[in-house]
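K.L.:
structure_39.csv is reproduced below (CSV, C-alpha atoms).
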chain,number,residue,atom,x,y,z
A,1,MET,CA,-1.7,11.3,-55.4
A,2,ILE,CA,-3.6,11.6,-58.7
A,3,THR,CA,-6.2,8.8,-59.4
A,4,THR,CA,-7.8,8.1,-62.7
A,5,GLN,CA,-11.2,6.7,-63.2
A,6,MET,CA,-11.4,3.2,-64.4
A,7,THR,CA,-13.0,2.2,-67.7
A,8,SER,CA,-16.1,0.0,-67.4
A,9,MET,CA,-14.0,-3.0,-68.5
A,10,GLU,CA,-11.3,-2.4,-65.8
A,11,ARG,CA,-14.0,-1.9,-63.2
A,12,VAL,CA,-15.8,-5.1,-64.1
A,13,LEU,CA,-12.6,-7.2,-64.3
A,14,LYS,CA,-11.5,-5.9,-60.9
A,15,THR,CA,-14.9,-6.8,-59.4
A,16,LEU,CA,-14.7,-10.3,-61.0
A,17,SER,CA,-11.4,-10.8,-59.2
A,18,HIS,CA,-13.3,-10.2,-55.9
A,19,ASN,CA,-11.5,-7.0,-55.3
A,20,GLU,CA,-12.8,-3.4,-55.0
A,21,PRO,CA,-12.6,-1.2,-58.0
A,22,ASP,CA,-13.2,2.6,-58.0
A,23,ARG,CA,-17.0,2.1,-57.7
A,24,VAL,CA,-19.7,-0.6,-57.9
A,25,PRO,CA,-20.2,-1.6,-61.5
A,26,PHE,CA,-23.8,-1.6,-62.6
A,27,PHE,CA,-25.5,-3.2,-65.6
A,28,LEU,CA,-28.7,-1.7,-67.0
A,29,LEU,CA,-29.9,-4.6,-69.1
A,30,CYS,CA,-32.2,-2.7,-71.4
A,31,THR,CA,-33.2,-4.4,-74.6
A,32,MET,CA,-36.4,-2.7,-75.8
A,33,HIS,CA,-35.6,0.8,-74.5
A,34,GLY,CA,-33.4,1.3,-77.6
A,35,ALA,CA,-36.6,1.4,-79.7
A,36,LYS,CA,-37.8,4.3,-77.6
A,37,GLU,CA,-34.6,6.2,-78.2
A,38,LEU,CA,-35.0,5.8,-82.0
A,39,GLY,CA,-38.7,6.5,-81.9
A,40,ILE,CA,-39.7,3.3,-83.6
A,41,GLY,CA,-41.6,0.1,-82.8
A,42,ILE,CA,-40.1,-2.9,-81.1
A,43,LYS,CA,-40.5,-5.2,-84.2
A,44,GLU,CA,-38.9,-2.6,-86.5
A,45,TYR,CA,-36.1,-2.0,-84.0
A,46,PHE,CA,-35.1,-5.7,-83.9
A,47,SER,CA,-35.3,-6.1,-87.6
A,48,SER,CA,-31.9,-4.3,-88.1
A,49,ALA,CA,-28.5,-4.6,-86.5
A,50,GLU,CA,-27.9,-0.9,-87.2
A,51,HIS,CA,-31.0,0.0,-85.1
A,52,VAL,CA,-29.8,-2.0,-82.1
A,53,ILE,CA,-26.2,-0.7,-82.4
A,54,GLU,CA,-27.5,2.9,-82.4
A,55,GLY,CA,-30.0,2.2,-79.6
A,56,GLN,CA,-27.4,0.5,-77.4
A,57,LEU,CA,-24.9,3.3,-77.8
A,58,LYS,CA,-27.6,5.9,-77.1
A,59,LEU,CA,-28.5,4.1,-73.9
A,60,LEU,CA,-24.9,3.8,-72.8
A,61,LYS,CA,-24.4,7.5,-73.2
A,62,LYS,CA,-27.7,8.4,-71.5
A,63,PHE,CA,-27.4,6.2,-68.4
A,64,GLY,CA,-23.7,5.4,-68.1
A,65,SER,CA,-24.1,1.6,-67.5
A,66,ASP,CA,-21.0,-0.6,-67.4
A,67,CYS,CA,-22.0,-2.9,-70.2
A,68,LEU,CA,-23.5,-3.1,-73.7
A,69,TYR,CA,-26.3,-5.7,-74.1
A,70,PRO,CA,-26.8,-6.9,-77.7
A,71,PHE,CA,-29.5,-9.4,-76.6
A,72,PHE,CA,-32.5,-9.2,-79.0
A,73,TYR,CA,-35.2,-11.5,-77.5
A,74,ALA,CA,-35.5,-14.9,-75.9
A,75,PRO,CA,-37.2,-16.8,-78.8
A,76,LEU,CA,-34.5,-15.6,-81.3
A,77,GLU,CA,-32.9,-19.1,-81.1
A,78,ILE,CA,-36.3,-20.7,-81.6
A,79,GLU,CA,-36.7,-18.6,-84.8
A,80,ALA,CA,-33.4,-20.1,-85.9
A,81,PHE,CA,-34.9,-23.6,-85.4
A,82,GLY,CA,-37.8,-22.5,-87.6
A,83,GLY,CA,-40.2,-21.6,-84.8
A,84,GLU,CA,-42.6,-18.7,-84.6
A,85,VAL,CA,-42.0,-15.3,-82.9
A,86,ILE,CA,-44.9,-13.1,-81.7
A,87,PHE,CA,-44.1,-9.4,-81.4
A,88,HIS,CA,-45.8,-7.0,-79.1
A,89,ASP,CA,-46.0,-3.2,-79.1
A,90,ASP,CA,-45.1,-2.8,-75.4
A,91,GLY,CA,-43.2,-5.9,-74.3
A,92,PRO,CA,-40.7,-8.5,-75.3
A,93,PRO,CA,-41.3,-10.8,-78.3
A,94,ASN,CA,-42.5,-14.3,-77.3
A,95,SER,CA,-42.3,-17.7,-78.9
A,96,GLY,CA,-45.4,-18.9,-80.6
A,97,GLU,CA,-46.4,-22.4,-81.6
A,98,PRO,CA,-43.7,-24.9,-80.5
A,99,CYS,CA,-41.4,-25.9,-83.4
A,100,ILE,CA,-41.4,-29.5,-82.1
A,101,LYS,CA,-45.0,-30.6,-82.5
A,102,LYS,CA,-44.8,-34.0,-80.8
A,103,ALA,CA,-42.1,-35.7,-78.7
A,104,GLU,CA,-41.2,-38.3,-81.3
A,105,ASP,CA,-40.1,-35.5,-83.7
A,106,ILE,CA,-37.0,-35.1,-81.6
A,107,THR,CA,-35.6,-38.2,-83.3
A,108,LYS,CA,-35.6,-36.2,-86.6
A,109,LEU,CA,-34.5,-32.9,-85.2
A,110,PHE,CA,-31.2,-31.2,-86.1
A,111,ALA,CA,-29.6,-28.0,-84.9
A,112,PRO,CA,-29.7,-25.1,-87.4
A,113,LYS,CA,-26.6,-24.2,-89.2
A,114,LEU,CA,-25.4,-20.7,-88.1
A,115,SER,CA,-24.6,-19.9,-91.7
A,116,ASP,CA,-28.2,-20.3,-92.6
A,117,ALA,CA,-29.8,-18.7,-89.5
A,118,LYS,CA,-30.4,-15.1,-90.6
A,119,PRO,CA,-32.0,-14.0,-87.3
A,120,LEU,CA,-28.7,-14.8,-85.6
A,121,HIS,CA,-26.6,-12.9,-88.1
A,122,ARG,CA,-28.3,-9.7,-86.9
A,123,VAL,CA,-27.0,-10.3,-83.4
A,124,LEU,CA,-23.5,-11.1,-84.7
A,125,ASP,CA,-23.5,-7.9,-86.8
A,126,THR,CA,-24.7,-5.9,-83.8
A,127,ILE,CA,-21.8,-7.3,-81.6
A,128,LYS,CA,-19.3,-6.4,-84.3
A,129,GLY,CA,-20.7,-2.9,-84.7
A,130,LEU,CA,-20.6,-2.3,-80.9
A,131,LYS,CA,-17.1,-3.6,-80.7
A,132,GLU,CA,-15.9,-1.2,-83.4
A,133,ASN,CA,-17.3,1.7,-81.3
A,134,VAL,CA,-16.2,0.8,-77.8
A,135,ARG,CA,-13.1,-1.4,-78.4
A,136,ASN,CA,-12.1,-2.9,-75.1
A,137,ASP,CA,-13.5,-0.1,-72.9
A,138,VAL,CA,-16.9,-1.5,-72.2
A,139,PRO,CA,-17.9,-5.2,-71.8
A,140,ILE,CA,-20.3,-6.5,-74.4
A,141,ILE,CA,-22.5,-9.3,-73.1
A,142,GLY,CA,-23.7,-12.0,-75.5
A,143,VAL,CA,-26.5,-14.3,-74.6
A,144,VAL,CA,-27.5,-18.0,-75.1
A,145,MET,CA,-30.4,-20.0,-73.8
A,146,SER,CA,-29.2,-23.0,-71.9
A,147,PRO,CA,-29.7,-26.4,-73.6
A,148,PHE,CA,-31.7,-27.4,-70.5
A,149,SER,CA,-34.0,-24.4,-70.6
A,150,ILE,CA,-34.7,-23.8,-74.3
A,151,PRO,CA,-37.0,-26.9,-74.7
A,152,VAL,CA,-39.8,-25.0,-72.9
A,153,MET,CA,-40.0,-22.9,-76.1
A,154,GLN,CA,-39.1,-25.8,-78.4
A,155,LEU,CA,-42.0,-28.1,-77.4
A,156,GLY,CA,-43.9,-26.5,-74.5
A,157,PHE,CA,-43.6,-26.9,-70.7
A,158,GLU,CA,-45.9,-29.9,-70.4
A,159,LYS,CA,-44.3,-32.0,-73.1
A,160,TYR,CA,-40.9,-31.1,-71.9
A,161,LEU,CA,-41.6,-32.2,-68.4
A,162,GLU,CA,-43.0,-35.4,-69.8
A,163,ILE,CA,-39.8,-36.3,-71.7
A,164,MET,CA,-37.6,-35.1,-68.8
A,165,HIS,CA,-39.2,-37.6,-66.5
A,166,TYR,CA,-40.3,-40.5,-68.7
A,167,ARG,CA,-38.4,-40.5,-72.0
A,168,ALA,CA,-34.7,-40.5,-71.2
A,169,ASP,CA,-33.9,-41.4,-74.8
A,170,LEU,CA,-35.6,-38.4,-76.2
A,171,PHE,CA,-34.3,-36.1,-73.4
A,172,ASP,CA,-30.7,-37.2,-74.0
A,173,ARG,CA,-31.0,-36.6,-77.8
A,174,LEU,CA,-32.5,-33.2,-77.3
A,175,MET,CA,-29.8,-32.2,-74.9
A,176,GLN,CA,-27.1,-33.4,-77.3
A,177,ILE,CA,-28.6,-31.3,-80.1
A,178,ASN,CA,-29.1,-28.2,-77.9
A,179,GLU,CA,-25.6,-28.4,-76.4
A,180,GLU,CA,-24.0,-28.5,-79.8
A,181,PHE,CA,-26.0,-25.5,-80.9
A,182,CYS,CA,-25.5,-23.6,-77.7
A,183,VAL,CA,-21.7,-24.0,-77.8
A,184,GLU,CA,-21.5,-23.0,-81.5
A,185,TRP,CA,-23.8,-20.0,-81.0
A,186,ALA,CA,-21.9,-18.8,-77.9
A,187,ASN,CA,-18.5,-19.1,-79.5
A,188,ALA,CA,-19.7,-17.3,-82.6
A,189,GLN,CA,-20.7,-14.3,-80.4
A,190,LEU,CA,-17.3,-14.3,-78.7
A,191,GLN,CA,-15.6,-14.4,-82.0
A,192,ALA,CA,-17.7,-11.5,-83.2
A,193,GLY,CA,-16.5,-9.4,-80.2
A,194,ALA,CA,-18.6,-10.3,-77.2
A,195,THR,CA,-16.6,-10.1,-73.9
A,196,ALA,CA,-18.6,-12.7,-72.1
A,197,ILE,CA,-21.7,-14.9,-72.5
A,198,CYS,CA,-24.8,-14.8,-70.3
A,199,TYR,CA,-26.0,-18.4,-70.0
A,200,PHE,CA,-29.8,-18.1,-69.3
A,201,ASP,CA,-31.0,-21.2,-67.4
A,202,PRO,CA,-34.3,-20.5,-65.6
A,203,ILE,CA,-35.5,-24.1,-65.6
A,204,SER,CA,-32.5,-25.0,-63.4
A,205,SER,CA,-33.6,-22.5,-60.7
A,206,SER,CA,-34.9,-23.8,-57.4
A,207,THR,CA,-38.2,-22.0,-58.2
A,208,ILE,CA,-38.8,-24.6,-61.0
A,209,ILE,CA,-37.1,-27.8,-60.0
A,210,PRO,CA,-35.7,-29.3,-56.8
A,211,ARG,CA,-31.9,-29.4,-56.1
A,212,GLU,CA,-31.9,-33.2,-56.6
A,213,LEU,CA,-33.2,-33.0,-60.1
A,214,TYR,CA,-30.9,-30.0,-61.0
A,215,GLU,CA,-27.9,-32.1,-59.8
A,216,LYS,CA,-28.8,-34.8,-62.3
A,217,THR,CA,-29.8,-32.6,-65.2
A,218,GLY,CA,-29.2,-28.9,-65.5
A,219,PHE,CA,-26.0,-29.0,-63.5
A,220,GLU,CA,-24.3,-31.7,-65.6
A,221,ILE,CA,-25.5,-30.1,-68.8
A,222,ALA,CA,-24.1,-26.7,-67.7
A,223,ARG,CA,-20.8,-28.3,-66.8
A,224,ARG,CA,-20.5,-29.9,-70.2
A,225,THR,CA,-21.6,-26.9,-72.1
A,226,ILE,CA,-19.8,-24.1,-70.3
A,227,SER,CA,-16.5,-26.1,-70.4
A,228,ARG,CA,-16.7,-25.7,-74.2
A,229,ILE,CA,-17.5,-22.0,-74.4
A,230,LYS,CA,-14.3,-20.2,-75.2
A,231,GLY,CA,-14.8,-17.2,-72.9
A,232,ALA,CA,-16.2,-16.1,-69.5
A,233,THR,CA,-19.8,-16.9,-68.7
A,234,ALA,CA,-22.4,-15.6,-66.3
A,235,THR,CA,-25.3,-18.0,-65.3
A,236,HIS,CA,-28.7,-16.3,-65.0
A,237,PHE,CA,-31.8,-17.8,-63.6
A,238,ALA,CA,-34.2,-15.0,-64.9
A,239,SER,CA,-35.7,-14.1,-61.5
A,240,GLY,CA,-35.6,-17.7,-60.2
A,241,LYS,CA,-34.1,-18.6,-56.9
A,242,CYS,CA,-30.7,-20.2,-56.7
A,243,LEU,CA,-29.4,-20.0,-53.0
A,244,LYS,CA,-30.1,-23.7,-52.5
A,245,ILE,CA,-27.9,-24.6,-55.5
A,246,VAL,CA,-25.3,-21.9,-55.6
A,247,ASP,CA,-22.6,-24.3,-54.4
A,248,LEU,CA,-23.2,-26.4,-57.4
A,249,VAL,CA,-23.4,-23.4,-59.8
A,250,SER,CA,-19.9,-22.5,-58.7
A,251,GLN,CA,-18.7,-25.9,-59.9
A,252,THR,CA,-20.0,-25.4,-63.5
A,253,GLY,CA,-17.1,-23.1,-64.5
A,254,THR,CA,-19.2,-19.9,-64.6
A,255,ALA,CA,-17.9,-16.7,-63.1
A,256,VAL,CA,-21.1,-14.8,-62.3
A,257,VAL,CA,-24.6,-15.7,-61.0
A,258,GLY,CA,-27.7,-13.6,-61.6
A,259,VAL,CA,-29.8,-13.7,-58.5
A,260,SER,CA,-33.4,-13.1,-57.5
A,261,SER,CA,-34.9,-10.3,-55.6
A,262,LEU,CA,-36.9,-13.0,-53.7
A,263,GLU,CA,-33.8,-14.1,-51.8
A,264,ASP,CA,-31.6,-12.5,-49.2
A,265,ILE,CA,-28.7,-10.6,-51.0
A,266,VAL,CA,-26.6,-10.9,-47.8
A,267,GLN,CA,-26.9,-14.7,-47.7
A,268,LEU,CA,-26.2,-14.9,-51.5
A,269,LYS,CA,-23.1,-12.8,-51.2
A,270,LEU,CA,-21.7,-14.9,-48.3
A,271,SER,CA,-22.5,-18.1,-50.2
A,272,CYS,CA,-20.7,-16.9,-53.3
A,273,LYS,CA,-17.7,-15.3,-51.6
A,274,ASN,CA,-14.5,-15.7,-53.6
A,275,LYS,CA,-16.3,-18.2,-55.9
A,276,LEU,CA,-18.9,-16.3,-57.9
A,277,THR,CA,-19.6,-12.6,-58.5
A,278,VAL,CA,-23.2,-11.8,-57.6
A,279,LEU,CA,-25.3,-9.9,-60.3
A,280,GLY,CA,-28.5,-8.4,-59.1
A,281,ASN,CA,-31.0,-8.1,-57.5
A,282,LEU,CA,-33.3,-5.1,-58.3
A,283,ASN,CA,-36.9,-6.2,-58.9
A,284,GLY,CA,-37.6,-5.2,-62.5
A,285,ILE,CA,-41.4,-5.6,-62.2
A,286,GLU,CA,-41.7,-3.4,-59.2
A,287,MET,CA,-39.2,-1.0,-60.8
A,288,ARG,CA,-42.0,0.2,-63.1
A,289,ARG,CA,-43.7,2.0,-60.2
A,290,TRP,CA,-40.7,3.2,-58.1
A,291,THR,CA,-40.6,6.8,-57.2
A,292,THR,CA,-37.3,8.7,-57.1
A,293,GLU,CA,-37.0,8.3,-53.4
A,294,GLN,CA,-37.8,4.6,-53.4
A,295,THR,CA,-35.2,4.0,-56.2
A,296,LYS,CA,-32.5,5.8,-54.2
A,297,LYS,CA,-33.4,3.9,-51.0
A,298,ILE,CA,-33.5,0.5,-52.7
A,299,VAL,CA,-30.3,0.9,-54.6
A,300,TYR,CA,-28.5,2.4,-51.6
A,301,ASP,CA,-29.7,-0.6,-49.4
A,302,VAL,CA,-28.4,-3.2,-51.9
A,303,ILE,CA,-25.1,-1.5,-52.2
A,304,GLN,CA,-24.7,-1.4,-48.4
A,305,LYS,CA,-25.5,-5.1,-48.1
A,306,ALA,CA,-23.6,-6.6,-51.0
A,307,ALA,CA,-20.9,-4.3,-52.4
A,308,ASN,CA,-18.1,-4.5,-49.8
A,309,GLY,CA,-15.1,-6.6,-50.9
A,310,GLY,CA,-16.0,-6.5,-54.6
A,311,GLY,CA,-17.6,-9.5,-56.3
A,312,PHE,CA,-20.9,-7.6,-56.9
A,313,ILE,CA,-22.5,-6.0,-59.9
A,314,LEU,CA,-25.7,-4.1,-59.4
A,315,SER,CA,-28.4,-5.0,-61.9
A,316,ASP,CA,-32.0,-6.1,-62.3
A,317,ASN,CA,-32.9,-9.6,-61.2
A,318,HIS,CA,-34.4,-10.9,-64.5
A,319,GLY,CA,-31.8,-10.1,-67.1
A,320,GLU,CA,-34.1,-7.7,-69.0
A,321,ILE,CA,-35.5,-4.4,-67.7
A,322,PRO,CA,-39.2,-4.1,-68.7
A,323,PHE,CA,-40.2,-1.7,-71.5
A,324,GLN,CA,-42.5,0.2,-69.0
A,325,VAL,CA,-39.7,1.2,-66.6
A,326,PRO,CA,-39.4,5.0,-67.0
A,327,ASP,CA,-36.2,6.8,-67.8
A,328,ASP,CA,-36.4,8.7,-64.5
A,329,VAL,CA,-35.9,5.4,-62.6
A,330,LEU,CA,-32.9,4.4,-64.7
A,331,HIS,CA,-31.3,7.8,-64.3
A,332,THR,CA,-31.8,7.6,-60.5
A,333,ILE,CA,-30.3,4.1,-60.4
A,334,SER,CA,-27.2,5.5,-62.2
A,335,GLU,CA,-27.0,8.6,-60.1
A,336,THR,CA,-27.3,6.6,-56.8
A,337,VAL,CA,-24.6,4.2,-57.8
A,338,HIS,CA,-22.3,7.1,-58.7
A,339,SER,CA,-23.1,8.9,-55.4
A,340,PHE,CA,-23.0,5.9,-53.0
A,341,GLY,CA,-21.2,3.2,-54.8
A,342,GLN,CA,-17.7,4.7,-54.6
A,343,TYR,CA,-15.2,2.4,-52.8
A,344,PRO,CA,-14.6,2.2,-50.0
A,345,ILE,CA,-18.3,2.0,-49.3
A,346,ARG,CA,-19.4,4.5,-46.8
A,347,GLN,CA,-21.6,2.9,-44.1
Would you write the structure of this file as structure tokens?
P.N.:
Amino acid sequence: MITTQMTSMERVLKTLSHNEPDRVPFFLLCTMHGAKELGIGIKEYFSSAEHVIEGQLKLLKKFGSDCLYPFFYAPLEIEAFGGEVIFHDDGPPNSGEPCIKKAEDITKLFAPKLSDAKPLHRVLDTIKGLKENVRNDVPIIGVVMSPFSIPVMQLGFEKYLEIMHYRADLFDRLMQINEEFCVEWANAQLQAGATAICYFDPISSSTIIPRELYEKTGFEIARRTISRIKGATATHFASGKCLKIVDLVSQTGTAVVGVSSLEDIVQLKLSCKNKLTVLGNLNGIEMRRWTTEQTKKIVYDVIQKAANGGGFILSDNHGEIPFQVPDDVLHTISETVHSFGQYPIRQ
């Protein structure tokens, strides 16, 4: 019998159906590495859709990942709200001064219009360009910051916690504004050609808030928001723990959960069985120092523990591989998946 290798899209879709494809799919969620491929700085790289398209395609060819990742940087949406972005030579851009100076300013806040938000246009142009190149062979993963988590950048952690606990009126208005923006931004990326949307929600993780508070806030907000996104979503807690809330996460309508390296991948896989596909859980920070042998051992171990039965995509645990992770480590991750991730998994 002659068998043909699946495309990345076929492989991922089979995995999402909780069945075993030809091999374990893996996502190398590299954002800044494209700048290295082009030999330019991070700020210059993200200034142009053409740069990111070229960088993503070079990374796809170089490492053979099963997705393209047109995510620029976390405070991109803050930039659309009129906030400040601070660029670094060797790391991800960060948000600067909060765009909401005092809590009462929320009463006068309005979501930016996508038509006027030039930083977002670069992402949409990137998605369109990638789609023209790969058609339906490789998943293109768009990104939104959850309405519940983006306020940390909008007004700062301390002020946000204050209104979350003591100013229900301002909290509800801010969530309404952010939900409308999040849905519009997610659907614009899907319309541009994104296959699915990664819904980043680190504040909802059990590392940050207890389950009881998540159930009243982030959970309800996710259910409302995700129900209005016109495509598949993956919820990512950006290294935060989620085992204590994964039963609730599965009720939000999301298809995938990004999990932390701080939790047991075996327990996570069992808790998500036939409900959520598990994405993770390689430690991106430690990855900077891995040797070739360490990388092989860690990747092999995760595959052995989580890959059987499908419903698993190997990836880092944060949703963005650090700029300092060397190419040798990324090559070894790819080679190990191709060597030991073929189904049926050899014990």
K.L.:
Extract, using only C-alpha atoms, all DNA, RNA and protein residues at most 6 Å from region 90-103 of chain A, discarding same-chain residues fewer than 6 positions from it, and format them as a ChimeraX atom specification.
P.N.:
/A:75,83-84,154-155,323
K.L.:
Using all atoms listed in the file, what residues lie at most 9 Å away from (-33.5, -20.3, -84.0) (file coordinates), given as a tab-separated table (two decimals) with C-alpha atoms, keeping the file's coordinate frame?
P.N.:
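Saved the output as point-v6.tsv:
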chain	number	residue	atom	x	y	z
A	75	PRO	CA	-37.20	-16.80	-78.80
A	76	LEU	CA	-34.50	-15.60	-81.30
A	77	GLU	CA	-32.90	-19.10	-81.10
A	78	ILE	CA	-36.30	-20.70	-81.60
A	79	GLU	CA	-36.70	-18.60	-84.80
A	80	ALA	CA	-33.40	-20.10	-85.90
A	81	PHE	CA	-34.90	-23.60	-85.40
A	82	GLY	CA	-37.80	-22.50	-87.60
A	83	GLY	CA	-40.20	-21.60	-84.80
A	111	ALA	CA	-29.60	-28.00	-84.90
A	112	PRO	CA	-29.70	-25.10	-87.40
A	117	ALA	CA	-29.80	-18.70	-89.50
A	118	LYS	CA	-30.40	-15.10	-90.60
A	119	PRO	CA	-32.00	-14.00	-87.30
A	120	LEU	CA	-28.70	-14.80	-85.60
K.L.:
Using all atoms listed in the file, which residues sit within 8 Å of Asn283 (chain A) once same-chain residues fewer than 4 positions away are excluded, as a PDB file with C-alpha atoms, in the frame of the given file?
P.N.:
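The result, stored in out.pdb:
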ATOM      1  CA  SER A 260     -33.400 -13.100 -57.500  1.00  0.00           C
ATOM      2  CA  SER A 261     -34.900 -10.300 -55.600  1.00  0.00           C
ATOM      3  CA  MET A 287     -39.200  -1.000 -60.800  1.00  0.00           C
ATOM      4  CA  ASP A 316     -32.000  -6.100 -62.300  1.00  0.00           C
ATOM      5  CA  ASN A 317     -32.900  -9.600 -61.200  1.00  0.00           C
ATOM      6  CA  HIS A 318     -34.400 -10.900 -64.500  1.00  0.00           C
TER       7      HIS A 318
END
K.L.:
Which residue out of A:Ala188, A:Val256, A:Val329, A:Leu161 has the minimum interatomic distance to His18 (chain A) when all atoms listed in the file are used?
P.N.:
A:Val256
K.L.:
Between A:Pro202, A:Gly142, A:Pro25, A:Pro322, which residue has the minimum interatomic distance to Cys182 (chain A), considering all atoms listed in the file?
P.N.:
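Of all the options, A:Gly142 lies closest to Cys182 (chain A).
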K.L.:
Report, in Å to a single decimal, how far apart CA of Arg173 (chain A) and CA of Leu114 (chain A) are.
P.N.:
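Result for CA of Leu114 (chain A) versus CA of Arg173 (chain A): 19.8 Å, one decimal.
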K.L.:
Using 10 Å as the limit and counting all atoms listed in the file, can you tabulate each residue of region 191-302 of chain A that touches region 63-74 of chain A, with its shortest atom-to-atom distance in Å and the two atoms involved, as JSON lines?
P.N.:
{"residue": "A:Ala194", "atom": "CA", "partner": "A:Pro70", "partner_atom": "CA", "distance": 8.9}
{"residue": "A:Thr195", "atom": "CA", "partner": "A:Cys67", "partner_atom": "CA", "distance": 9.7}
{"residue": "A:Cys198", "atom": "CA", "partner": "A:Phe71", "partner_atom": "CA", "distance": 9.5}
{"residue": "A:Phe200", "atom": "CA", "partner": "A:Ala74", "partner_atom": "CA", "distance": 9.3}
K.L.:
Skipping near chain neighbours, those fewer than 2 positions away, what residues fall within 10 Å of Gln56 (chain A) using all atoms listed in the file, listed as an NGL selection string?
P.N.:
:A and (30-35 or 37 or 50-54 or 58-62 or 67-70 or 126 or 130)
K.L.:
Hey, what's within 10 Å of Asn274 (chain A) if we count all atoms listed in the file and toss same-chain stuff fewer than 5 positions away? As a list of chain:residue names, please?
P.N.:
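With the cut-off at 10 Å, the set is A:Leu16, A:Ser17, A:His18, A:Asn19, A:Lys269, A:Gly309, A:Gly310, A:Gly311.
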